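Coordinates as given in input10.txt (compact mmCIF, C-alpha atoms):
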# COMPACT_ATOMS: atom_id res chain seq x y z
CA MET E 54 -61.85 -153.78 -52.11
CA SER E 55 -62.90 -156.80 -50.04
CA ASP E 56 -65.67 -156.73 -47.46
CA GLU E 57 -63.09 -157.40 -44.75
CA SER E 58 -60.91 -154.41 -45.66
CA THR E 59 -64.01 -152.20 -45.85
CA THR E 60 -64.97 -153.27 -42.34
CA ILE E 61 -61.46 -152.59 -41.04
CA ASP E 62 -61.39 -149.15 -42.67
CA LEU E 63 -64.76 -148.27 -41.21
CA THR E 64 -63.72 -149.42 -37.75
CA THR E 65 -60.62 -147.21 -37.96
CA LEU E 66 -62.67 -144.26 -39.13
CA LEU E 67 -65.19 -144.63 -36.33
CA ARG E 68 -62.45 -144.73 -33.70
CA THR E 69 -60.97 -141.46 -34.96
CA LEU E 70 -64.22 -139.52 -34.62
CA GLN E 71 -64.58 -137.09 -31.74
CA VAL E 72 -67.21 -138.18 -29.23
CA PHE E 73 -67.50 -135.18 -26.92
CA PRO E 74 -66.66 -131.48 -27.32
CA GLU E 75 -63.49 -130.12 -25.75
CA HIS E 76 -65.37 -128.20 -23.06
CA LEU E 77 -68.12 -129.92 -21.10
CA PRO E 78 -70.48 -128.24 -18.62
CA ALA E 79 -70.41 -129.15 -14.95
CA PHE E 80 -73.19 -131.13 -13.30
CA ASP E 81 -73.34 -130.77 -9.53
CA VAL E 82 -75.64 -133.59 -8.46
CA ASP E 83 -75.84 -132.29 -4.89
CA ARG E 84 -77.43 -129.07 -6.12
CA ALA E 85 -79.96 -130.77 -8.41
CA PRO E 86 -83.62 -129.96 -7.67
CA ASP E 87 -85.97 -132.47 -6.07
CA HIS E 88 -88.20 -132.71 -9.15
CA PRO E 89 -86.93 -133.94 -12.55
CA VAL E 90 -89.07 -131.50 -14.55
CA ARG E 91 -87.29 -128.57 -12.92
CA LEU E 92 -83.92 -129.99 -13.88
CA PHE E 93 -85.17 -130.79 -17.39
CA VAL E 94 -86.28 -127.18 -17.86
CA GLU E 95 -82.91 -125.93 -16.56
CA TRP E 96 -80.98 -128.15 -18.96
CA LEU E 97 -83.27 -127.38 -21.90
CA THR E 98 -83.03 -123.64 -21.30
CA GLN E 99 -79.25 -123.89 -21.10
CA ALA E 100 -79.20 -125.94 -24.31
CA VAL E 101 -81.19 -123.21 -26.07
CA ASP E 102 -78.79 -120.55 -24.72
CA ASP E 103 -75.85 -122.65 -25.95
CA LYS E 104 -77.48 -122.84 -29.40
CA VAL E 105 -77.74 -126.62 -29.34
CA SER E 106 -79.35 -127.73 -32.58
CA SER E 107 -82.99 -128.84 -32.20
CA PRO E 108 -82.89 -129.33 -28.41
CA HIS E 109 -86.60 -130.23 -28.46
CA ALA E 110 -85.98 -133.22 -30.74
CA MET E 111 -86.10 -136.59 -29.00
CA SER E 112 -86.02 -140.24 -29.92
CA LEU E 113 -89.16 -142.22 -29.12
CA ALA E 114 -88.83 -145.96 -28.54
CA THR E 115 -91.92 -148.16 -28.70
CA ALA E 116 -92.56 -151.88 -29.00
CA ASP E 117 -95.34 -153.77 -30.72
CA ALA E 118 -97.44 -156.56 -29.23
CA ALA E 119 -94.67 -159.06 -29.99
CA GLY E 120 -92.07 -156.95 -28.20
CA ARG E 121 -90.28 -155.85 -31.39
CA PRO E 122 -88.83 -152.36 -30.78
CA SER E 123 -88.83 -149.32 -33.04
CA THR E 124 -87.24 -145.91 -32.62
CA ARG E 125 -87.66 -142.61 -34.41
CA VAL E 126 -87.01 -138.92 -33.76
CA LEU E 127 -89.83 -136.46 -33.20
CA ILE E 128 -90.55 -133.20 -31.39
CA CYS E 129 -91.40 -132.78 -27.71
CA LYS E 130 -94.56 -130.68 -27.51
CA ASN E 131 -94.58 -129.90 -23.81
CA VAL E 132 -93.63 -131.07 -20.31
CA ASP E 133 -95.87 -130.34 -17.34
CA ASP E 134 -95.41 -130.17 -13.57
CA GLU E 135 -96.93 -133.65 -13.16
CA GLY E 136 -93.99 -135.16 -15.00
CA ARG E 137 -95.72 -135.79 -18.31
CA TRP E 138 -93.82 -135.47 -21.60
CA TYR E 139 -96.03 -134.78 -24.64
CA PHE E 140 -95.68 -135.76 -28.30
CA ALA E 141 -98.15 -136.10 -31.17
CA THR E 142 -98.79 -138.46 -34.05
CA SER E 143 -101.59 -140.25 -35.83
CA ALA E 144 -103.11 -143.14 -33.92
CA THR E 145 -102.88 -145.15 -37.14
CA SER E 146 -99.13 -144.57 -37.60
CA ALA E 147 -96.63 -147.29 -36.72
CA LYS E 148 -95.91 -145.66 -33.36
CA GLY E 149 -99.61 -145.15 -32.71
CA ARG E 150 -100.28 -148.82 -33.39
CA ASP E 151 -97.37 -149.81 -31.13
CA LEU E 152 -98.76 -147.68 -28.30
CA ALA E 153 -102.24 -149.17 -28.73
CA ALA E 154 -100.76 -152.65 -28.29
CA ASN E 155 -98.13 -151.77 -25.69
CA PRO E 156 -98.79 -148.40 -24.00
CA HIS E 157 -95.27 -147.87 -22.64
CA ALA E 158 -92.41 -145.94 -24.21
CA ALA E 159 -89.00 -144.39 -23.67
CA LEU E 160 -87.67 -141.00 -24.74
CA THR E 161 -84.09 -139.81 -25.18
CA PHE E 162 -82.85 -136.28 -25.66
CA TYR E 163 -79.22 -136.15 -26.82
CA TRP E 164 -77.29 -132.90 -27.07
CA PRO E 165 -73.79 -133.75 -28.37
CA GLN E 166 -72.63 -130.12 -28.31
CA VAL E 167 -72.71 -130.23 -24.50
CA GLY E 168 -72.35 -133.98 -23.90
CA ARG E 169 -75.73 -134.42 -22.27
CA GLN E 170 -78.52 -137.00 -22.44
CA ILE E 171 -81.89 -137.15 -20.76
CA ARG E 172 -83.75 -140.47 -20.70
CA VAL E 173 -87.43 -140.80 -19.78
CA ARG E 174 -89.52 -143.96 -19.36
CA GLY E 175 -93.14 -144.60 -18.45
CA PRO E 176 -96.69 -145.43 -19.56
CA VAL E 177 -98.32 -143.49 -22.38
CA ALA E 178 -101.93 -142.39 -22.83
CA SER E 179 -103.87 -140.00 -25.03
CA ALA E 180 -104.21 -136.48 -23.65
CA GLY E 181 -107.78 -136.41 -25.00
CA PRO E 182 -109.51 -135.34 -28.22
CA GLU E 183 -109.61 -131.63 -27.40
CA ALA E 184 -105.87 -131.53 -26.72
CA GLY E 185 -105.21 -133.49 -29.91
CA ALA E 186 -107.33 -131.11 -31.99
CA ALA E 187 -105.62 -128.06 -30.49
CA ASP E 188 -102.21 -129.51 -31.27
CA PHE E 189 -103.26 -130.34 -34.83
CA LEU E 190 -104.59 -126.85 -35.54
CA ALA E 191 -101.38 -125.30 -34.16
CA ARG E 192 -99.34 -127.09 -36.85
CA PRO E 193 -98.31 -125.31 -40.07
CA GLU E 194 -100.68 -125.80 -42.98
CA GLY E 195 -98.32 -128.12 -44.82
CA SER E 196 -97.90 -130.31 -41.75
CA ARG E 197 -101.67 -130.51 -41.32
CA ALA E 198 -102.10 -131.47 -44.96
CA GLU E 199 -99.52 -134.24 -44.67
CA ALA E 200 -101.22 -135.59 -41.54
CA LEU E 201 -104.62 -135.58 -43.24
CA ILE E 202 -103.32 -137.93 -45.94
CA GLY E 203 -103.09 -140.57 -43.21
CA ARG E 204 -100.87 -143.11 -44.97
CA GLN E 205 -97.66 -142.75 -42.96
CA SER E 206 -95.21 -145.67 -43.39
CA GLN E 207 -97.28 -147.33 -46.11
CA PRO E 208 -95.52 -148.25 -49.39
CA LEU E 209 -95.31 -145.41 -51.94
CA ASP E 210 -95.04 -146.72 -55.51
CA ASP E 211 -95.22 -143.39 -57.31
CA PRO E 212 -94.23 -139.96 -55.86
CA ALA E 213 -96.95 -138.45 -58.05
CA ASP E 214 -99.50 -140.18 -55.81
CA LEU E 215 -98.11 -138.25 -52.84
CA ASP E 216 -98.27 -134.97 -54.75
CA GLU E 217 -101.92 -135.57 -55.63
CA ALA E 218 -102.89 -136.62 -52.11
CA PHE E 219 -101.11 -133.58 -50.67
CA ARG E 220 -102.90 -131.28 -53.14
CA ARG E 221 -106.29 -132.69 -52.14
CA ALA E 222 -105.50 -132.38 -48.44
CA LYS E 223 -104.41 -128.75 -48.81
CA ALA E 224 -107.59 -127.98 -50.73
CA ALA E 225 -109.65 -129.52 -47.93
CA ILE E 226 -107.89 -127.33 -45.34
CA GLU E 227 -108.40 -124.20 -47.43
CA ALA E 228 -112.10 -125.04 -47.66
CA ASP E 229 -112.34 -125.75 -43.92
CA PRO E 230 -109.51 -124.16 -41.85
CA GLY E 231 -110.82 -125.89 -38.71
CA LEU E 232 -110.54 -129.35 -40.22
CA VAL E 233 -108.83 -131.83 -37.89
CA SER E 234 -107.54 -135.30 -38.67
CA PRO E 235 -109.77 -137.78 -36.79
CA THR E 236 -106.75 -139.91 -35.91
CA TRP E 237 -104.41 -137.14 -34.72
CA THR E 238 -103.49 -137.75 -31.09
CA LEU E 239 -101.53 -135.84 -28.50
CA TYR E 240 -99.89 -138.45 -26.28
CA ALA E 241 -98.65 -137.96 -22.72
CA LEU E 242 -95.85 -140.12 -21.34
CA THR E 243 -96.08 -140.11 -17.53
CA ALA E 244 -92.50 -140.49 -16.41
CA HIS E 245 -91.77 -143.20 -13.87
CA GLU E 246 -88.02 -142.78 -14.34
CA VAL E 247 -85.93 -139.85 -15.60
CA GLU E 248 -82.15 -139.99 -15.92
CA PHE E 249 -79.81 -137.05 -16.50
CA TRP E 250 -76.43 -137.95 -18.00
CA GLN E 251 -73.43 -135.65 -18.25
CA ALA E 252 -70.43 -136.83 -20.25
CA ASP E 253 -66.86 -136.86 -18.97
CA HIS E 254 -63.75 -137.18 -21.16
CA ASP E 255 -62.39 -139.97 -18.95
CA ARG E 256 -65.75 -141.76 -19.19
CA ARG E 257 -66.46 -141.03 -15.52
CA HIS E 258 -69.90 -139.88 -16.62
CA THR E 259 -72.21 -138.29 -14.08
CA ARG E 260 -75.62 -139.97 -13.96
CA LEU E 261 -78.54 -138.94 -11.77
CA CYS E 262 -81.74 -141.01 -11.85
CA TYR E 263 -85.11 -139.83 -10.54
CA ARG E 264 -87.74 -142.48 -9.79
CA ARG E 265 -91.38 -141.76 -9.09
CA ASP E 266 -92.65 -142.83 -5.67
CA GLY E 267 -96.37 -142.02 -5.59
CA GLN E 268 -96.56 -138.23 -5.84
CA ALA E 269 -92.92 -137.80 -4.80
CA TRP E 270 -89.58 -138.53 -6.43
CA SER E 271 -86.48 -140.25 -5.13
CA ARG E 272 -83.00 -139.52 -6.53
CA GLN E 273 -80.00 -141.78 -6.89
CA ARG E 274 -76.61 -141.33 -8.47
CA LEU E 275 -75.61 -144.18 -10.82
CA TRP E 276 -72.28 -145.67 -11.76
CA PRO E 277 -71.05 -144.57 -15.20
Let me see the structure of the file written as structure tokens.
Amino acid sequence: MSDESTTIDLTTLLRTLQVFPEHLPAFDVDRAPDHPVRLFVEWLTQAVDDKVSSPHAMSLATADAAGRPSTRVLICKNVDDEGRWYFATSATSAKGRDLAANPHAALTFYWPQVGRQIRVRGPVASAGPEAGAADFLARPEGSRAEALIGRQSQPLDDPADLDEAFRRAKAAIEADPGLVSPTWTLYALTAHEVEFWQADHDRRHTRLCYRRDGQAWSRQRLWP
């Protein structure tokens, strides 16, 4: 099969795939709360009730000092009343290095079962060593052991090397249950912009954007 026919077949396949579920929830913009965190909690709670898979998973987009972007999916750890979204990683990971060079990021929650997206943008800073340590110690033992290895994204020539490093890290945790990775960091993204997106089958999507104005928020509906 030629490359051209493969491309054509793939294009046809992609166009046949369903994008949105048959039934989509309503989004009454006029009844939306004044603060984006309140609406985020409402949507997240509804997603949990609707049994959306991993509703706390989000994509994190960062860029390095040269402006080259990277994205990956990780877990949202918390959202507070000040409009800060929290996530954790090692400061020496690729995303940690990106944030050290360019402390701004974007988050996206996507829940295809209900046709909803939430997009968050803003500056990022460490929540402090005590918060980072508390987050680290709240992780399962295996997750703590993996983080202690501290070689995320580096080349792995032999899987046996990972097994041995993991064994040593687990032994260190068993010897000292309070052991914390010195590079583990809980980051807080302070939202300057939060957009709520509700799909529509006719592509007349409903979009509501909150923008921070000092300690207050303004709201504006966007074209699809």
Between segment 112-138 of chain E and segment 149-154 of chain E, at 7 Å or less, what are the per-residue closest atom pairs and their distances in Å? Count only C-alpha atoms, order by chain and rising residue number, and return it as CSV.
residue,atom,partner,partner_atom,distance
E:Thr115,CA,E:Asp151,CA,6.2
E:Ala116,CA,E:Asp151,CA,5.7
E:Asp117,CA,E:Asp151,CA,4.5
E:Ala118,CA,E:Ala154,CA,5.2
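Take atom CA of Ala187 of chain E and atom CA of Ala144 of chain E: the distance between them is 15.7 Å.
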Legend entry - Phe80 of chain E environment, 9 Å, only C-alpha atoms, sequence neighbours closer than 4 positions dropped, as a list of chain:residue names: E:Arg84, E:Ala85, E:Trp250, E:Gln251, E:Thr259
Inset, instruction - Considering all atoms listed in the file, return as a ChimeraX atom specification whatever protein or nucleic-acid residues lie within 7 Å of Arg174 of chain E, sequence-local ones (same chain, fewer than 2 positions apart) excluded. - result: /E:158-160,172,244-247
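Atom CA of Ala147 of chain E lies 16.2 Å from atom CA of Ile128 of chain E.
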At a cut-off of 12 Å, can you tabulate as a Markdown table every residue of segment 95-177 of chain E near segment 193-201 of chain E together with its closest atom pair and the distance in Å to one decimal, using all atoms listed in the file and ordering rows by chain then number?
| residue | atom | partner | partner_atom | distance |
| --- | --- | --- | --- | --- |
| E:Ala141 | CA | E:Ala200 | CA | 10.8 |
| E:Thr142 | CA | E:Ala200 | CA | 8.4 |
| E:Ser143 | CA | E:Ala200 | CA | 7.4 |
| E:Ala144 | CA | E:Ala200 | CA | 10.9 |
| E:Thr145 | CA | E:Ala200 | CA | 10.7 |
| E:Ser146 | CA | E:Ala200 | CA | 10.0 |
